[in-house]
Amino acid sequence: MSTSMLERFRAPKDLELRDKDAGDTPLRDDKKGKLKNGEIKERERALTAELTAEVAKLQEKLYAARDQKLLLILQGMDTSGKDGTIRALFSQINPMGLHATGFVAPTDKEKAHDFLWRVHARVPARGEIGIFNRSHYEDVLVPRLSGDLDDDARERRCAQIRDFERMLAGTGTTIVKVFLHISKTEQRARLQARLDDPEKHWKFDPADLAARTKWDDYQRAYADMINATDRDHAPWYVVPADSKTHRNLIIAHLLLETMRGMKLAWPAPKADMSKVKIDD
């Protein structure tokens, strides 16, 4: 029996993040190198479109039945492709059943509450697919790197996240957490591309350069966070993200396999439709 995509990309125990793994393209089948890079990317885009079309069909069942929820959490270093993933995978989805949230630094009002307060308000309702572009995991990662969260406080927050996600799963939410694993070399190229294109200057944040100086610290922090919060009811998947098209293809596979596993079905009709006639 072939290994499922969910098993294949599930974060291993005692995960260590290595730059060399970010460039892996495990789903490419051009073993003899007959295809040009552009042709490979076009093939991956086409395959991704086929998979997302299937996801869209299942989303209609999810929205119609309104008895389950799906939460996709995207985490990764800057330029790893969180926005690009959302654009590529959800362009065919009915927006009525889609709820996307981009988390930035908490406001003063949000800081006055516990760190999960603002997150709980954004989880998907029944029938929805919720997408978190960054998430509550920023409240473990960023304070650790800034020195504002010691080890004891970090462990408490990870325990609270585990409890929070267990509660979500226990009330009908299927959780998919994806770490977009980009290399430092590829991030440099993408940051430079933003600087070189005036139309992308709005994407550039000088803080990204400061984060690069702590690259190894970020990789250790991400690995520790994933190891501490990977659970069967809220699994982490590590997706190599140096190739944008391959990244999208992998995540499309993960979403489709997850939604197939939810056993979605059309809701039962409210009446015997065979007896309903439309008058002139």
# chains A, B, ... in the order shown; residues from 1 in each chain; ligands from 1

call {"tool": "select_by_dssp", "arguments": {"residues": "region 21-149 of chain A", "states": "helix (DSSP H, G or I)", "output": "ChimeraX atom specification"}}
result
/A:21-23,37-65,82-90,95-97,108-111,117-120,138-146

call {"tool": "closest_atom_pairs", "arguments": {"of": "region 136-198 of chain A", "to": "region 121-130 of chain A", "cutoff": "12 Å", "atoms": "only C-alpha atoms", "output": "tab-separated table"}}
result
residue	atom	partner	partner_atom	distance
A:His136	CA	A:Arg122	CA	10.9
A:Phe164	CA	A:Val123	CA	11.1
A:Glu165	CA	A:Val123	CA	10.5
A:Met167	CA	A:Val123	CA	11.7
A:Leu168	CA	A:Val123	CA	8.6
A:Ala169	CA	A:Val123	CA	11.4
A:Thr171	CA	A:Arg126	CA	9.8
A:Gly172	CA	A:Arg126	CA	8.1
A:Thr173	CA	A:Pro124	CA	8.0
A:Thr174	CA	A:Ile129	CA	9.5
A:Ile175	CA	A:Gly130	CA	9.5
A:Val176	CA	A:Gly130	CA	10.3
A:Lys177	CA	A:Gly130	CA	11.7

call {"tool": "residues_around", "arguments": {"residues": "Ser135 (chain A)", "least_positions_apart": "2", "cutoff": "8 Å", "atoms": "only C-alpha atoms", "output": "list in words"}}
result
Ile73, Leu74, Gln75, Gly102, Phe103, Val119, Phe132, Asn133, Tyr137, Glu138 and Asp139 of chain A

call {"tool": "residues_around", "arguments": {"residues": "Arg87 (chain A)", "least_positions_apart": "5", "cutoff": "12 Å", "atoms": "only C-alpha atoms", "output": "PyMOL selection string"}}
result
chain A and resi 48-49+52+81-82+92-93+100+131+133+244-245+248+252

call {"tool": "write_last_selection", "arguments": {"atoms": "C-alpha atoms", "output": "PDB file, in the first residue's frame"}}
result
ATOM      1  CA  THR A  48      -2.728  21.633  -8.491  1.00  0.00           C
ATOM      2  CA  ALA A  49      -5.724  23.047 -10.369  1.00  0.00           C
ATOM      3  CA  THR A  52      -8.219  22.212  -5.954  1.00  0.00           C
ATOM      4  CA  GLY A  81       4.623  31.644   0.500  1.00  0.00           C
ATOM      5  CA  LYS A  82       1.686  31.930   2.862  1.00  0.00           C
ATOM      6  CA  GLN A  92     -12.061  28.177  -6.951  1.00  0.00           C
ATOM      7  CA  ILE A  93     -13.649  28.054  -3.506  1.00  0.00           C
ATOM      8  CA  ALA A 100      -9.280  33.841   5.964  1.00  0.00           C
ATOM      9  CA  ILE A 131      -7.382  29.861   6.960  1.00  0.00           C
ATOM     10  CA  ASN A 133      -2.029  33.269   7.660  1.00  0.00           C
ATOM     11  CA  LYS A 244       6.388  27.665  -5.256  1.00  0.00           C
ATOM     12  CA  THR A 245       4.574  25.358  -7.654  1.00  0.00           C
ATOM     13  CA  ASN A 248       1.251  24.399  -3.759  1.00  0.00           C
ATOM     14  CA  ALA A 252      -3.339  20.701  -2.390  1.00  0.00           C
TER      15      ALA A 252
END

call {"tool": "closest_atom_pairs", "arguments": {"of": "region 197-232 of chain A", "to": "region 184-190 of chain A", "cutoff": "10 Å", "atoms": "only C-alpha atoms", "output": "CSV"}}
result
residue,atom,partner,partner_atom,distance
A:Asp208,CA,A:Gln187,CA,9.8
A:Leu209,CA,A:Arg188,CA,9.3
A:Arg212,CA,A:Lys184,CA,7.8
A:Trp215,CA,A:Lys184,CA,7.5
A:Asp216,CA,A:Lys184,CA,9.5

call {"tool": "write_last_selection", "arguments": {"atoms": "N, CA, C and O atoms", "output": "tab-separated table (two decimals), in the first residue's frame"}}
result
chain	number	residue	atom	x	y	z
A	208	ASP	N	12.24	42.10	8.21
A	208	ASP	CA	12.60	40.80	7.64
A	208	ASP	C	14.12	40.62	7.65
A	208	ASP	O	14.62	39.51	7.82
A	209	LEU	N	14.85	41.71	7.45
A	209	LEU	CA	16.31	41.63	7.44
A	209	LEU	C	16.84	41.34	8.84
A	209	LEU	O	17.81	40.59	9.01
A	212	ARG	N	16.52	37.72	9.54
A	212	ARG	CA	17.53	36.91	8.86
A	212	ARG	C	18.80	36.76	9.69
A	212	ARG	O	19.49	35.74	9.59
A	215	TRP	N	18.53	33.66	11.81
A	215	TRP	CA	17.97	32.55	11.05
A	215	TRP	C	18.03	31.23	11.81
A	215	TRP	O	17.02	30.53	11.96
A	216	ASP	N	19.19	30.86	12.29
A	216	ASP	CA	19.34	29.58	12.99
A	216	ASP	C	18.48	29.53	14.25
A	216	ASP	O	17.90	28.48	14.58

call {"tool": "atom_distance", "arguments": {"atom1": "CA of Ala22 (chain A)", "atom2": "CA of Ile182 (chain A)"}}
result
5.1 Å

call {"tool": "select_by_dssp", "arguments": {"residues": "region 172-207 of chain A", "states": "strand (DSSP E)", "output": "PDB file with N, CA and C atoms, in the first residue's frame"}}
result
ATOM      1  N   THR A 173     -13.880  20.451  14.576  1.00  0.00           N
ATOM      2  CA  THR A 173     -12.929  21.138  13.704  1.00  0.00           C
ATOM      3  C   THR A 173     -11.786  20.205  13.322  1.00  0.00           C
ATOM      4  N   THR A 174     -11.593  20.010  12.028  1.00  0.00           N
ATOM      5  CA  THR A 174     -10.433  19.280  11.527  1.00  0.00           C
ATOM      6  C   THR A 174      -9.314  20.294  11.322  1.00  0.00           C
ATOM      7  N   ILE A 175      -8.159  20.046  11.937  1.00  0.00           N
ATOM      8  CA  ILE A 175      -7.059  21.008  11.941  1.00  0.00           C
ATOM      9  C   ILE A 175      -5.910  20.485  11.082  1.00  0.00           C
ATOM     10  N   VAL A 176      -5.424  21.345  10.197  1.00  0.00           N
ATOM     11  CA  VAL A 176      -4.259  21.039   9.353  1.00  0.00           C
ATOM     12  C   VAL A 176      -3.250  22.165   9.535  1.00  0.00           C
ATOM     13  N   LYS A 177      -2.087  21.847  10.091  1.00  0.00           N
ATOM     14  CA  LYS A 177      -1.064  22.864  10.354  1.00  0.00           C
ATOM     15  C   LYS A 177       0.116  22.604   9.418  1.00  0.00           C
ATOM     16  N   VAL A 178       0.462  23.624   8.642  1.00  0.00           N
ATOM     17  CA  VAL A 178       1.502  23.473   7.627  1.00  0.00           C
ATOM     18  C   VAL A 178       2.634  24.454   7.897  1.00  0.00           C
ATOM     19  N   PHE A 179       3.843  23.916   8.011  1.00  0.00           N
ATOM     20  CA  PHE A 179       5.033  24.756   8.083  1.00  0.00           C
ATOM     21  C   PHE A 179       5.662  24.806   6.703  1.00  0.00           C
ATOM     22  N   LEU A 180       5.757  26.012   6.147  1.00  0.00           N
ATOM     23  CA  LEU A 180       6.350  26.214   4.829  1.00  0.00           C
ATOM     24  C   LEU A 180       7.854  26.398   5.020  1.00  0.00           C
ATOM     25  N   HIS A 181       8.609  25.386   4.637  1.00  0.00           N
ATOM     26  CA  HIS A 181      10.039  25.323   4.932  1.00  0.00           C
ATOM     27  C   HIS A 181      10.855  25.896   3.779  1.00  0.00           C
TER      28      HIS A 181
END

call {"tool": "closest_residue", "arguments": {"among": "A:Arg157, A:His233, A:Arg18, A:Arg220", "to": "Asp114 (chain A)", "atoms": "only C-alpha atoms"}}
result
A:Arg157

call {"tool": "residues_around", "arguments": {"residues": "Lys13 (chain A)", "least_positions_apart": "6", "cutoff": "12 Å", "atoms": "only C-alpha atoms", "output": "mmCIF file with all heavy atoms, in the first residue's frame"}}
result
data_model
loop_
_atom_site.group_PDB
_atom_site.id
_atom_site.type_symbol
_atom_site.label_atom_id
_atom_site.label_comp_id
_atom_site.auth_asym_id
_atom_site.auth_seq_id
_atom_site.Cartn_x
_atom_site.Cartn_y
_atom_site.Cartn_z
ATOM 1 N N ALA A 223 11.228 24.456 15.132
ATOM 2 C CA ALA A 223 11.293 23.011 15.365
ATOM 3 C C ALA A 223 10.800 22.665 16.767
ATOM 4 O O ALA A 223 10.017 21.714 16.951
ATOM 5 C CB ALA A 223 12.721 22.514 15.149
ATOM 6 N N ASP A 224 11.222 23.430 17.764
ATOM 7 C CA ASP A 224 10.774 23.179 19.136
ATOM 8 C C ASP A 224 9.263 23.339 19.250
ATOM 9 O O ASP A 224 8.581 22.544 19.916
ATOM 10 C CB ASP A 224 11.463 24.147 20.102
ATOM 11 C CG ASP A 224 12.944 23.851 20.290
ATOM 12 O OD1 ASP A 224 13.396 22.757 19.903
ATOM 13 O OD2 ASP A 224 13.658 24.730 20.833
ATOM 14 N N MET A 225 8.726 24.375 18.604
ATOM 15 C CA MET A 225 7.298 24.650 18.656
ATOM 16 C C MET A 225 6.493 23.528 17.992
ATOM 17 O O MET A 225 5.465 23.082 18.512
ATOM 18 C CB MET A 225 7.041 25.980 17.947
ATOM 19 C CG MET A 225 5.652 26.523 18.047
ATOM 20 S SD MET A 225 5.588 28.181 17.297
ATOM 21 C CE MET A 225 5.764 27.755 15.545
ATOM 22 N N ILE A 226 6.972 23.070 16.850
ATOM 23 C CA ILE A 226 6.289 21.982 16.144
ATOM 24 C C ILE A 226 6.353 20.701 16.956
ATOM 25 O O ILE A 226 5.347 19.992 17.122
ATOM 26 C CB ILE A 226 6.904 21.790 14.740
ATOM 27 C CG1 ILE A 226 6.561 22.997 13.856
ATOM 28 C CG2 ILE A 226 6.416 20.499 14.096
ATOM 29 C CD1 ILE A 226 7.311 23.037 12.536
ATOM 30 N N ASN A 227 7.518 20.385 17.494
ATOM 31 C CA ASN A 227 7.662 19.173 18.310
ATOM 32 C C ASN A 227 6.745 19.201 19.525
ATOM 33 O O ASN A 227 6.202 18.166 19.934
ATOM 34 C CB ASN A 227 9.118 19.016 18.767
ATOM 35 C CG ASN A 227 10.054 18.618 17.643
ATOM 36 O OD1 ASN A 227 9.667 17.933 16.709
ATOM 37 N ND2 ASN A 227 11.301 19.063 17.716
ATOM 38 N N ALA A 228 6.552 20.385 20.094
ATOM 39 C CA ALA A 228 5.754 20.503 21.310
ATOM 40 C C ALA A 228 4.255 20.464 21.057
ATOM 41 O O ALA A 228 3.476 20.178 21.985
ATOM 42 C CB ALA A 228 6.107 21.800 22.042
ATOM 43 N N THR A 229 3.825 20.726 19.839
ATOM 44 C CA THR A 229 2.380 20.873 19.580
ATOM 45 C C THR A 229 1.852 19.955 18.481
ATOM 46 O O THR A 229 0.689 20.076 18.098
ATOM 47 C CB THR A 229 2.043 22.337 19.215
ATOM 48 O OG1 THR A 229 2.818 22.732 18.075
ATOM 49 C CG2 THR A 229 2.349 23.265 20.382
ATOM 50 N N ASP A 230 2.686 19.069 17.964
ATOM 51 C CA ASP A 230 2.211 18.106 16.963
ATOM 52 C C ASP A 230 1.446 16.996 17.668
ATOM 53 O O ASP A 230 2.000 16.285 18.514
ATOM 54 C CB ASP A 230 3.398 17.522 16.188
ATOM 55 C CG ASP A 230 2.953 16.452 15.202
ATOM 56 O OD1 ASP A 230 2.263 16.806 14.233
ATOM 57 O OD2 ASP A 230 3.285 15.263 15.417
ATOM 58 N N ARG A 231 0.193 16.866 17.339
ATOM 59 C CA ARG A 231 -0.657 15.835 17.920
ATOM 60 C C ARG A 231 -1.543 15.256 16.816
ATOM 61 O O ARG A 231 -1.811 15.916 15.815
ATOM 62 C CB ARG A 231 -1.533 16.403 19.045
ATOM 63 C CG ARG A 231 -0.749 16.906 20.266
ATOM 64 C CD ARG A 231 -0.051 15.768 20.989
ATOM 65 N NE ARG A 231 0.573 16.189 22.226
ATOM 66 C CZ ARG A 231 1.828 16.657 22.322
ATOM 67 N NH1 ARG A 231 2.568 16.782 21.217
ATOM 68 N NH2 ARG A 231 2.334 16.997 23.490
ATOM 69 N N PRO A 235 -2.292 17.822 13.650
ATOM 70 C CA PRO A 235 -0.970 17.459 13.144
ATOM 71 C C PRO A 235 -0.260 18.599 12.417
ATOM 72 O O PRO A 235 -0.894 19.463 11.815
ATOM 73 C CB PRO A 235 -1.280 16.317 12.169
ATOM 74 C CG PRO A 235 -2.670 16.617 11.685
ATOM 75 C CD PRO A 235 -3.378 17.211 12.866
ATOM 76 N N TRP A 236 1.059 18.559 12.477
ATOM 77 C CA TRP A 236 1.904 19.463 11.704
ATOM 78 C C TRP A 236 2.428 18.745 10.470
ATOM 79 O O TRP A 236 2.823 17.581 10.549
ATOM 80 C CB TRP A 236 3.106 19.925 12.534
ATOM 81 C CG TRP A 236 2.877 21.127 13.387
ATOM 82 C CD1 TRP A 236 2.729 21.150 14.752
ATOM 83 C CD2 TRP A 236 2.810 22.496 12.955
ATOM 84 N NE1 TRP A 236 2.556 22.440 15.197
ATOM 85 C CE2 TRP A 236 2.611 23.285 14.116
ATOM 86 C CE3 TRP A 236 2.896 23.110 11.714
ATOM 87 C CZ2 TRP A 236 2.496 24.672 14.054
ATOM 88 C CZ3 TRP A 236 2.785 24.491 11.653
ATOM 89 C CH2 TRP A 236 2.589 25.263 12.813
ATOM 90 N N TYR A 237 2.462 19.456 9.366
ATOM 91 C CA TYR A 237 3.068 18.958 8.132
ATOM 92 C C TYR A 237 4.170 19.925 7.713
ATOM 93 O O TYR A 237 3.985 21.140 7.760
ATOM 94 C CB TYR A 237 2.010 18.831 7.027
ATOM 95 C CG TYR A 237 0.873 17.915 7.417
ATOM 96 C CD1 TYR A 237 -0.323 18.435 7.913
ATOM 97 C CD2 TYR A 237 1.009 16.531 7.328
ATOM 98 C CE1 TYR A 237 -1.357 17.603 8.306
ATOM 99 C CE2 TYR A 237 -0.021 15.688 7.718
ATOM 100 C CZ TYR A 237 -1.195 16.232 8.213
ATOM 101 O OH TYR A 237 -2.220 15.402 8.613
ATOM 102 N N VAL A 238 5.305 19.371 7.332
ATOM 103 C CA VAL A 238 6.443 20.183 6.919
ATOM 104 C C VAL A 238 6.562 20.086 5.403
ATOM 105 O O VAL A 238 6.797 18.994 4.858
ATOM 106 C CB VAL A 238 7.743 19.720 7.603
ATOM 107 C CG1 VAL A 238 8.925 20.564 7.130
ATOM 108 C CG2 VAL A 238 7.605 19.810 9.122
#

call {"tool": "atom_distance", "arguments": {"atom1": "CA of Ile40 (chain A)", "atom2": "CA of Met5 (chain A)"}}
result
20.1 Å

call {"tool": "closest_residue", "arguments": {"among": "A:Glu7, A:Gly97, A:Ser274, A:Gly38", "to": "Arg66 (chain A)", "atoms": "only C-alpha atoms"}}
result
A:Gly97

call {"tool": "residues_around", "arguments": {"residues": "Pro206 (chain A)", "least_positions_apart": "2", "cutoff": "12 Å", "atoms": "only C-alpha atoms", "output": "list in words"}}
result
Asp78, Leu191, Gln192, Arg194, Leu195, His201, Trp202, Lys203, Phe204, Asp208, Leu209, Ala210, Ala211, Arg212 and Thr213 of chain A

call {"tool": "closest_residue", "arguments": {"among": "A:Gly76, A:Pro240, A:Gly147, A:Pro198", "to": "Thr25 (chain A)", "atoms": "only C-alpha atoms"}}
result
A:Pro240

call {"tool": "closest_residue", "arguments": {"among": "A:Arg8, A:Asp14, A:Ser146, A:Ala268", "to": "Pro26 (chain A)", "atoms": "only C-alpha atoms"}}
result
A:Arg8

call {"tool": "closest_residue", "arguments": {"among": "A:Ala112, A:Ala64, A:Met259, A:Met77", "to": "Asp242 (chain A)", "atoms": "only C-alpha atoms"}}
result
A:Met77
